[in-house]
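Novice: What follows is structure.tsv, TSV, C-alpha atoms.
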```tsv
chain	number	residue	atom	x	y	z
A	1	MET	CA	-24.31	-33.48	79.14
A	2	SER	CA	-25.33	-31.28	76.23
A	3	ILE	CA	-28.02	-32.33	73.77
A	4	TYR	CA	-25.32	-32.61	71.07
A	5	LYS	CA	-23.17	-34.94	73.17
A	6	LYS	CA	-26.22	-36.90	74.27
A	7	THR	CA	-27.30	-37.41	70.67
A	8	SER	CA	-23.78	-38.47	69.65
A	9	PHE	CA	-23.63	-40.99	72.46
A	10	LEU	CA	-27.02	-42.40	71.54
A	11	ALA	CA	-25.96	-42.69	67.92
A	12	PHE	CA	-22.95	-44.72	69.07
A	13	VAL	CA	-25.13	-47.03	71.16
A	14	LEU	CA	-27.48	-47.40	68.22
A	15	LEU	CA	-24.60	-48.36	65.92
A	16	VAL	CA	-23.41	-51.02	68.35
A	17	SER	CA	-26.89	-52.47	68.83
A	18	PHE	CA	-27.45	-52.49	65.05
A	19	HIS	CA	-24.35	-54.56	64.39
A	20	LEU	CA	-25.27	-56.98	67.17
A	21	SER	CA	-28.66	-57.60	65.53
A	22	SER	CA	-29.29	-60.16	62.82
A	23	GLY	CA	-32.07	-61.57	60.68
A	24	LYS	CA	-35.54	-60.41	61.57
A	25	ASP	CA	-34.21	-58.39	64.53
A	26	MET	CA	-32.57	-55.88	62.17
A	27	ALA	CA	-33.59	-52.29	62.75
A	28	HIS	CA	-34.18	-51.32	59.10
A	29	ILE	CA	-37.86	-51.86	58.45
A	30	SER	CA	-40.35	-51.10	55.74
A	31	PRO	CA	-42.88	-48.36	56.51
A	32	HIS	CA	-45.44	-49.94	54.22
A	33	PHE	CA	-46.90	-52.76	56.30
A	34	PRO	CA	-50.51	-51.97	57.26
A	35	LEU	CA	-50.96	-51.31	60.96
A	36	PRO	CA	-53.93	-52.53	63.03
A	37	GLN	CA	-57.03	-50.35	63.15
A	38	LYS	CA	-57.97	-51.80	66.54
A	39	GLY	CA	-56.89	-54.56	68.89
A	40	LEU	CA	-55.15	-55.19	72.18
A	41	CYS	CA	-52.18	-53.36	73.65
A	42	ALA	CA	-49.86	-55.55	75.71
A	43	HIS	CA	-49.16	-53.40	78.77
A	44	ARG	CA	-45.41	-53.67	79.49
A	45	GLY	CA	-45.43	-56.83	77.39
A	46	VAL	CA	-47.04	-59.96	78.78
A	47	MET	CA	-46.67	-58.93	82.39
A	48	ASP	CA	-48.87	-61.54	84.07
A	49	THR	CA	-46.56	-64.44	83.15
A	50	HIS	CA	-43.28	-62.70	82.24
A	51	PRO	CA	-41.14	-60.02	83.88
A	52	GLU	CA	-42.59	-56.72	82.71
A	53	ASN	CA	-40.68	-54.45	80.32
A	54	THR	CA	-38.17	-57.13	79.33
A	55	LEU	CA	-37.39	-58.75	76.00
A	56	PRO	CA	-38.98	-62.08	77.02
A	57	ALA	CA	-42.24	-60.25	77.88
A	58	PHE	CA	-42.19	-58.46	74.53
A	59	ARG	CA	-41.38	-61.62	72.56
A	60	GLU	CA	-44.30	-63.38	74.23
A	61	ALA	CA	-46.60	-60.49	73.30
A	62	ILE	CA	-45.43	-60.81	69.70
A	63	ARG	CA	-45.97	-64.59	69.78
A	64	LEU	CA	-49.53	-64.12	71.06
A	65	GLY	CA	-50.33	-61.63	68.30
A	66	ALA	CA	-50.53	-58.30	70.13
A	67	HIS	CA	-51.68	-55.36	68.02
A	68	MET	CA	-49.75	-52.84	70.11
A	69	ILE	CA	-47.03	-53.16	72.75
A	70	GLU	CA	-46.54	-50.56	75.47
A	71	PHE	CA	-43.22	-50.00	77.25
A	72	ASP	CA	-41.64	-47.32	79.43
A	73	VAL	CA	-38.46	-45.33	78.85
A	74	TRP	CA	-36.16	-43.75	81.41
A	75	PHE	CA	-32.66	-42.36	80.83
A	76	THR	CA	-29.74	-43.48	82.98
A	77	LYS	CA	-27.21	-41.17	84.60
A	78	ASP	CA	-24.99	-41.55	81.51
A	79	ASN	CA	-27.94	-40.95	79.17
A	80	VAL	CA	-28.76	-44.43	77.92
A	81	PRO	CA	-32.50	-45.01	77.33
A	82	VAL	CA	-33.57	-48.13	79.23
A	83	ILE	CA	-36.93	-49.88	79.48
A	84	ILE	CA	-38.30	-49.88	83.02
A	85	HIS	CA	-41.54	-48.58	84.50
A	86	ASP	CA	-40.69	-47.21	87.92
A	87	PRO	CA	-38.34	-44.31	88.71
A	88	THR	CA	-36.34	-46.80	90.79
A	89	VAL	CA	-35.05	-50.29	90.01
A	90	ASP	CA	-36.20	-51.60	93.40
A	91	ARG	CA	-39.44	-53.38	92.43
A	92	THR	CA	-38.43	-55.12	89.20
A	93	THR	CA	-34.75	-55.96	89.74
A	94	ASP	CA	-32.53	-57.27	92.53
A	95	GLY	CA	-31.00	-53.81	92.96
A	96	ALA	CA	-31.97	-50.50	94.49
A	97	GLY	CA	-31.77	-46.87	93.46
A	98	LEU	CA	-33.08	-44.25	91.09
A	99	VAL	CA	-32.68	-45.07	87.40
A	100	THR	CA	-31.54	-41.51	86.67
A	101	GLU	CA	-28.77	-41.76	89.28
A	102	MET	CA	-27.34	-45.06	88.04
A	103	THR	CA	-25.09	-45.70	85.06
A	104	PHE	CA	-26.11	-48.08	82.32
A	105	ALA	CA	-23.35	-50.49	83.39
A	106	GLU	CA	-24.75	-50.54	86.94
A	107	ILE	CA	-28.28	-51.23	85.73
A	108	ARG	CA	-27.14	-53.81	83.21
A	109	ARG	CA	-25.60	-55.90	85.98
A	110	LEU	CA	-28.98	-56.27	87.72
A	111	ASP	CA	-31.29	-59.27	87.40
A	112	ALA	CA	-34.60	-58.02	85.99
A	113	GLY	CA	-36.30	-61.41	85.74
A	114	GLY	CA	-35.72	-63.50	88.85
A	115	TRP	CA	-38.24	-61.53	90.91
A	116	LYS	CA	-40.98	-62.89	88.64
A	117	SER	CA	-39.86	-66.50	88.41
A	118	PRO	CA	-36.63	-68.55	88.52
A	119	LEU	CA	-37.36	-69.29	84.86
A	120	PHE	CA	-36.25	-65.73	84.11
A	121	ASN	CA	-33.12	-65.55	86.25
A	122	GLY	CA	-30.48	-63.44	84.55
A	123	VAL	CA	-32.81	-61.43	82.31
A	124	ARG	CA	-31.45	-57.88	81.99
A	125	VAL	CA	-33.02	-54.45	81.68
A	126	PRO	CA	-33.09	-53.78	77.92
A	127	THR	CA	-32.22	-50.59	76.09
A	128	LEU	CA	-34.67	-48.78	73.86
A	129	GLN	CA	-32.66	-49.78	70.80
A	130	GLU	CA	-32.67	-53.46	71.74
A	131	THR	CA	-36.42	-53.32	72.29
A	132	LEU	CA	-37.13	-51.62	68.99
A	133	SER	CA	-34.90	-54.05	67.11
A	134	ILE	CA	-37.00	-57.13	68.00
A	135	MET	CA	-40.36	-55.58	67.14
A	136	PRO	CA	-42.32	-56.59	64.04
A	137	SER	CA	-43.01	-53.95	61.42
A	138	ASN	CA	-46.79	-54.33	61.54
A	139	ILE	CA	-47.72	-53.53	65.15
A	140	TRP	CA	-48.01	-50.25	67.03
A	141	LEU	CA	-45.30	-49.33	69.53
A	142	ASN	CA	-46.59	-47.35	72.52
A	143	VAL	CA	-43.44	-45.65	73.85
A	144	HIS	CA	-44.29	-44.21	77.26
A	145	MET	CA	-41.82	-41.40	77.89
A	146	LYS	CA	-41.02	-40.64	81.52
A	147	GLY	CA	-38.70	-37.66	80.99
A	148	GLY	CA	-39.04	-34.14	79.66
A	149	ALA	CA	-38.01	-32.19	76.59
A	150	GLU	CA	-34.41	-33.34	76.26
A	151	ASP	CA	-35.39	-37.00	76.58
A	152	GLY	CA	-38.23	-36.52	74.11
A	153	GLN	CA	-35.79	-35.10	71.58
A	154	ALA	CA	-33.34	-37.96	72.08
A	155	VAL	CA	-36.02	-40.66	71.70
A	156	ALA	CA	-37.36	-38.98	68.57
A	157	ARG	CA	-33.90	-39.14	67.01
A	158	ILE	CA	-33.63	-42.84	67.82
A	159	LEU	CA	-37.02	-43.57	66.26
A	160	LEU	CA	-35.92	-41.79	63.09
A	161	GLN	CA	-32.54	-43.52	63.01
A	162	MET	CA	-34.23	-46.91	63.36
A	163	ASN	CA	-37.02	-45.99	60.91
A	164	ARG	CA	-39.77	-46.67	63.45
A	165	GLN	CA	-41.47	-43.27	63.35
A	166	ARG	CA	-44.48	-44.54	61.37
A	167	GLN	CA	-45.42	-47.28	63.82
A	168	ALA	CA	-44.19	-45.86	67.15
A	169	PHE	CA	-45.71	-42.99	69.07
A	170	LEU	CA	-44.49	-41.12	72.12
A	171	ALA	CA	-46.93	-41.20	75.02
A	172	CYS	CA	-45.67	-38.13	76.82
A	173	LYS	CA	-46.32	-34.70	78.30
A	174	SER	CA	-46.47	-31.59	76.12
A	175	ASP	CA	-42.85	-30.49	76.72
A	176	ALA	CA	-41.47	-33.82	75.48
A	177	ALA	CA	-43.96	-33.82	72.60
A	178	GLN	CA	-42.93	-30.36	71.40
A	179	ALA	CA	-39.25	-31.25	71.56
A	180	ALA	CA	-39.82	-34.50	69.68
A	181	ARG	CA	-41.79	-32.81	66.92
A	182	ALA	CA	-39.10	-30.16	66.63
A	183	VAL	CA	-36.81	-33.01	65.58
A	184	SER	CA	-39.34	-34.21	62.99
A	185	THR	CA	-43.00	-33.59	62.26
A	186	GLU	CA	-43.24	-37.31	61.44
A	187	ILE	CA	-43.07	-38.19	65.12
A	188	LEU	CA	-46.44	-39.42	66.36
A	189	ILE	CA	-47.70	-38.24	69.75
A	190	CYS	CA	-50.06	-39.69	72.34
A	191	SER	CA	-51.18	-36.95	74.70
A	192	MET	CA	-50.51	-37.77	78.35
A	193	ASP	CA	-51.32	-34.31	79.73
A	194	ARG	CA	-54.17	-35.68	81.80
A	195	ARG	CA	-56.39	-33.25	83.69
A	196	GLU	CA	-58.63	-33.60	86.73
A	197	ASN	CA	-61.56	-32.93	84.42
A	198	PRO	CA	-61.53	-35.58	81.64
A	199	LYS	CA	-63.27	-33.17	79.25
A	200	ASP	CA	-60.33	-30.77	79.53
A	201	TYR	CA	-57.95	-33.61	78.68
A	202	VAL	CA	-60.02	-34.54	75.61
A	203	ASN	CA	-60.40	-30.97	74.38
A	204	GLU	CA	-56.73	-30.10	74.88
A	205	THR	CA	-55.71	-33.26	73.02
A	206	ILE	CA	-57.90	-32.25	70.09
A	207	THR	CA	-56.48	-28.71	70.12
A	208	ALA	CA	-52.93	-30.05	70.21
A	209	LYS	CA	-53.72	-32.27	67.19
A	210	ALA	CA	-52.23	-35.30	68.86
A	211	ASP	CA	-52.33	-38.65	67.06
A	212	PHE	CA	-53.40	-40.73	70.07
A	213	ILE	CA	-54.90	-40.27	73.50
A	214	GLN	CA	-54.77	-42.67	76.42
A	215	LEU	CA	-58.02	-42.54	78.37
A	216	ARG	CA	-58.37	-44.43	81.62
A	217	LYS	CA	-60.82	-45.64	84.22
A	218	PRO	CA	-63.30	-44.98	85.75
A	219	TYR	CA	-65.90	-45.85	83.15
A	220	ARG	CA	-67.77	-42.54	82.91
A	221	PRO	CA	-71.31	-42.17	81.53
A	222	ASP	CA	-69.98	-39.73	78.92
A	223	LEU	CA	-67.01	-41.89	77.89
A	224	ALA	CA	-68.66	-42.96	74.62
A	225	GLU	CA	-69.35	-39.32	73.76
A	226	ASP	CA	-65.71	-38.40	74.34
A	227	VAL	CA	-64.50	-41.32	72.24
A	228	LYS	CA	-66.81	-40.32	69.39
A	229	ASN	CA	-65.55	-36.72	69.55
A	230	LEU	CA	-61.92	-37.83	69.50
A	231	ARG	CA	-62.42	-40.22	66.60
A	232	GLN	CA	-64.20	-37.50	64.59
A	233	HIS	CA	-61.05	-35.41	64.98
A	234	GLY	CA	-58.83	-38.22	63.73
A	235	ILE	CA	-57.41	-39.13	67.14
A	236	GLN	CA	-56.88	-42.80	67.87
A	237	VAL	CA	-58.02	-43.93	71.30
A	238	ASN	CA	-56.22	-46.15	73.79
A	239	PHE	CA	-57.80	-47.06	77.12
A	240	PHE	CA	-56.08	-48.11	80.33
A	241	GLY	CA	-56.98	-50.72	81.25
A	242	THR	CA	-58.96	-53.96	81.65
A	243	ASP	CA	-58.75	-57.73	81.30
A	244	SER	CA	-62.50	-58.22	81.50
A	245	ALA	CA	-64.11	-59.72	78.39
A	246	GLU	CA	-67.29	-57.79	79.12
A	247	LYS	CA	-65.46	-54.46	79.41
A	248	LEU	CA	-63.44	-55.17	76.28
A	249	ARG	CA	-66.70	-55.71	74.40
A	250	GLU	CA	-68.08	-52.41	75.73
A	251	LEU	CA	-64.93	-50.46	74.91
A	252	PHE	CA	-64.72	-51.74	71.34
A	253	ALA	CA	-68.44	-51.08	70.86
A	254	MET	CA	-68.04	-47.43	71.81
A	255	GLY	CA	-65.08	-46.94	69.46
A	256	VAL	CA	-62.05	-47.41	71.69
A	257	GLN	CA	-59.39	-48.93	69.47
A	258	PHE	CA	-56.70	-50.24	71.78
A	259	PRO	CA	-57.46	-51.28	75.36
A	260	LEU	CA	-54.33	-51.89	77.43
A	261	VAL	CA	-54.31	-55.34	79.00
A	262	ASN	CA	-52.09	-57.13	81.51
A	263	GLU	CA	-53.32	-60.65	80.73
A	264	LEU	CA	-52.83	-60.81	77.00
A	265	ALA	CA	-53.46	-64.53	76.40
A	266	SER	CA	-56.95	-64.58	77.94
A	267	SER	CA	-57.78	-61.16	76.50
A	268	MET	CA	-56.84	-62.36	73.01
A	269	GLN	CA	-59.28	-65.24	73.41
A	270	ALA	CA	-62.00	-62.77	74.36
A	271	ALA	CA	-61.14	-60.45	71.47
A	272	ALA	CA	-61.47	-63.31	69.01
A	273	GLU	CA	-65.17	-63.39	69.90
A	274	PHE	CA	-65.39	-59.82	68.58
A	275	ASP	CA	-63.64	-60.89	65.34
A	276	ILE	CA	-60.33	-59.32	66.38
A	277	GLN	CA	-57.64	-61.70	65.19
A	278	PRO	CA	-54.01	-61.93	66.36
A	279	VAL	CA	-51.38	-60.12	64.34
A	280	LYS	CA	-49.12	-62.33	62.28
A	281	PRO	CA	-45.79	-60.57	62.78
A	282	GLN	CA	-44.01	-59.34	59.67
A	283	TYR	CA	-40.42	-58.22	59.44
A	284	ALA	CA	-38.81	-56.32	56.61
A	285	VAL	CA	-35.86	-57.72	54.73
A	286	PRO	CA	-32.77	-55.80	55.90
A	287	GLN	CA	-31.48	-53.28	53.42
A	288	VAL	CA	-28.12	-54.16	51.91
A	289	PRO	CA	-25.67	-51.22	51.90
```
Starting from the file, give its structure as structure tokens.
Specialist:
Amino acid sequence: MSIYKKTSFLAFVLLVSFHLSSGKDMAHISPHFPLPQKGLCAHRGVMDTHPENTLPAFREAIRLGAHMIEFDVWFTKDNVPVIIHDPTVDRTTDGAGLVTEMTFAEIRRLDAGGWKSPLFNGVRVPTLQETLSIMPSNIWLNVHMKGGAEDGQAVARILLQMNRQRQAFLACKSDAAQAARAVSTEILICSMDRRENPKDYVNETITAKADFIQLRKPYRPDLAEDVKNLRQHGIQVNFFGTDSAEKLRELFAMGVQFPLVNELASSMQAAAEFDIQPVKPQYAVPQVP
């Protein structure tokens, strides 16, 4: 499918999802709510108690006051952006197969919740548009892109159409980042071009003038130095990942802004000891045509 046809199809899906939304789930948001300067990133939503990368997991993260929510985007065979981590549906649904070789209708029929608990039987794999439409206006959205340039371009267009470009960033490789920024220079980028040498990753991220970086374990002796260097260049720092109160304290002390956590409830309790308070979600009033 050409980029033009792909974009047209996505616009159609967006229109449908917009009209199905109501109240605070409406996609039209204000860009003027202040965003957190630091806090906790709910990795795939609240994935310790809820089925990861599903709307219930995201709603629980919102309820608990997450400062950032991370989720993963793949495109189906018929070019619908869906939220799922793995390249296959095997682990987190009752189906089997590669996401990119299945149609949206095939994936939508799968149960994406029962594997976690009978409480979530019947939960479906959400689309990107459905996910964006439930998000508050005052938290960061960590959109982990799995595809390349064409997918990066398509996701960038969706962020612009749903007016989420000021609070969402694409965590992606350089090819997807370049394609997304060709759509609009407003698109925020988190560099995911990791290198064997962490210093190379840091320096290349600075050179690329990315907005975010996502560092990860192990905890290196020079980690604090790298964080300081990144912050001096205006790059916001995520870190994957920990649920340890002690490590959270260390990361915040060295200037990391958003550690990714799997156990959000207990991590929020720990963060409160560092004077990091839960976000009170805010939603814009929908614009009247």
Novice: Interatomic distance between atom CA of A:Arg220 and atom CA of A:Leu35?
Specialist: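 Going from atom CA of A:Arg220 over to atom CA of A:Leu35, I get 29.0 Å.
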Novice: What's the separation between atom CA of A:Asp275 and atom CA of A:Pro136, in Å to one decimal place?
Specialist: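 It comes out at 21.8 Å.
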Novice: Find the residue from A:Lys77, A:His50, A:Lys173, A:Arg157 that sits nearest to A:Thr185; use only C-alpha atoms when measuring.
Specialist: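 The shortest atom-to-atom distance to A:Thr185 comes from A:Arg157.
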Novice: Extract, using only C-alpha atoms, all DNA, RNA and protein residues at most 6 Å from A:Phe71, discarding same-chain residues fewer than 4 positions from it, and format them as a list in words.
Specialist: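 Near A:Phe71, the qualifying residues are Arg44, Asn53, Val143 and His144 of chain A.
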Novice: Counting all atoms listed in the file, figure out which residue out of A:Glu196, A:Glu273, A:Glu70, A:Asp222 gets nearest to A:Trp140.
Specialist: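 Result for the nearest residue to A:Trp140: A:Glu70.
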Novice: Please list, as JSON, numbers by chain, the residues that have an atom at most 12 Å away from (-55.5, -52.0, 65.8) in the coordinates of this file, counting all atoms listed in the file.
Specialist: {"A": [34, 35, 36, 37, 38, 39, 40, 41, 42, 65, 66, 67, 68, 69, 138, 139, 140, 141, 167, 236, 237, 238, 252, 255, 256, 257, 258, 259, 260, 271, 276, 277, 278, 279]}
Novice: Using all atoms listed in the file, pick whichever of A:Glu101, A:Asp72, A:Asp226, A:Asp86 has the shortest atom-to-atom distance to A:Gly45.
Specialist: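 Of A:Glu101, A:Asp72, A:Asp226, A:Asp86, the one nearest A:Gly45 is A:Asp72, counting all atoms listed in the file.
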Novice: Quick one: residues within 7 Å of A:Leu188, all atoms listed in the file counted, chain neighbours fewer than 3 positions away excluded, as JSON, numbers by chain?
Specialist: {"A": [165, 168, 169, 170, 211]}
Novice: Using atom CA of A:Val80 and atom CA of A:Asp151 as the two end points, give the distance in Å to one decimal.
Specialist: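 Computing the Euclidean distance for atom CA of A:Val80 and atom CA of A:Asp151 yields 10.0 Å.
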Novice: List every protein, DNA or RNA residue that has at least one atom no more than 12 Å from (-22.7, -59.9, 81.8) in the file's coordinates, counting all atoms listed in the file, and write the result as number ranges by chain.
Specialist: A: 105-111, 122-125
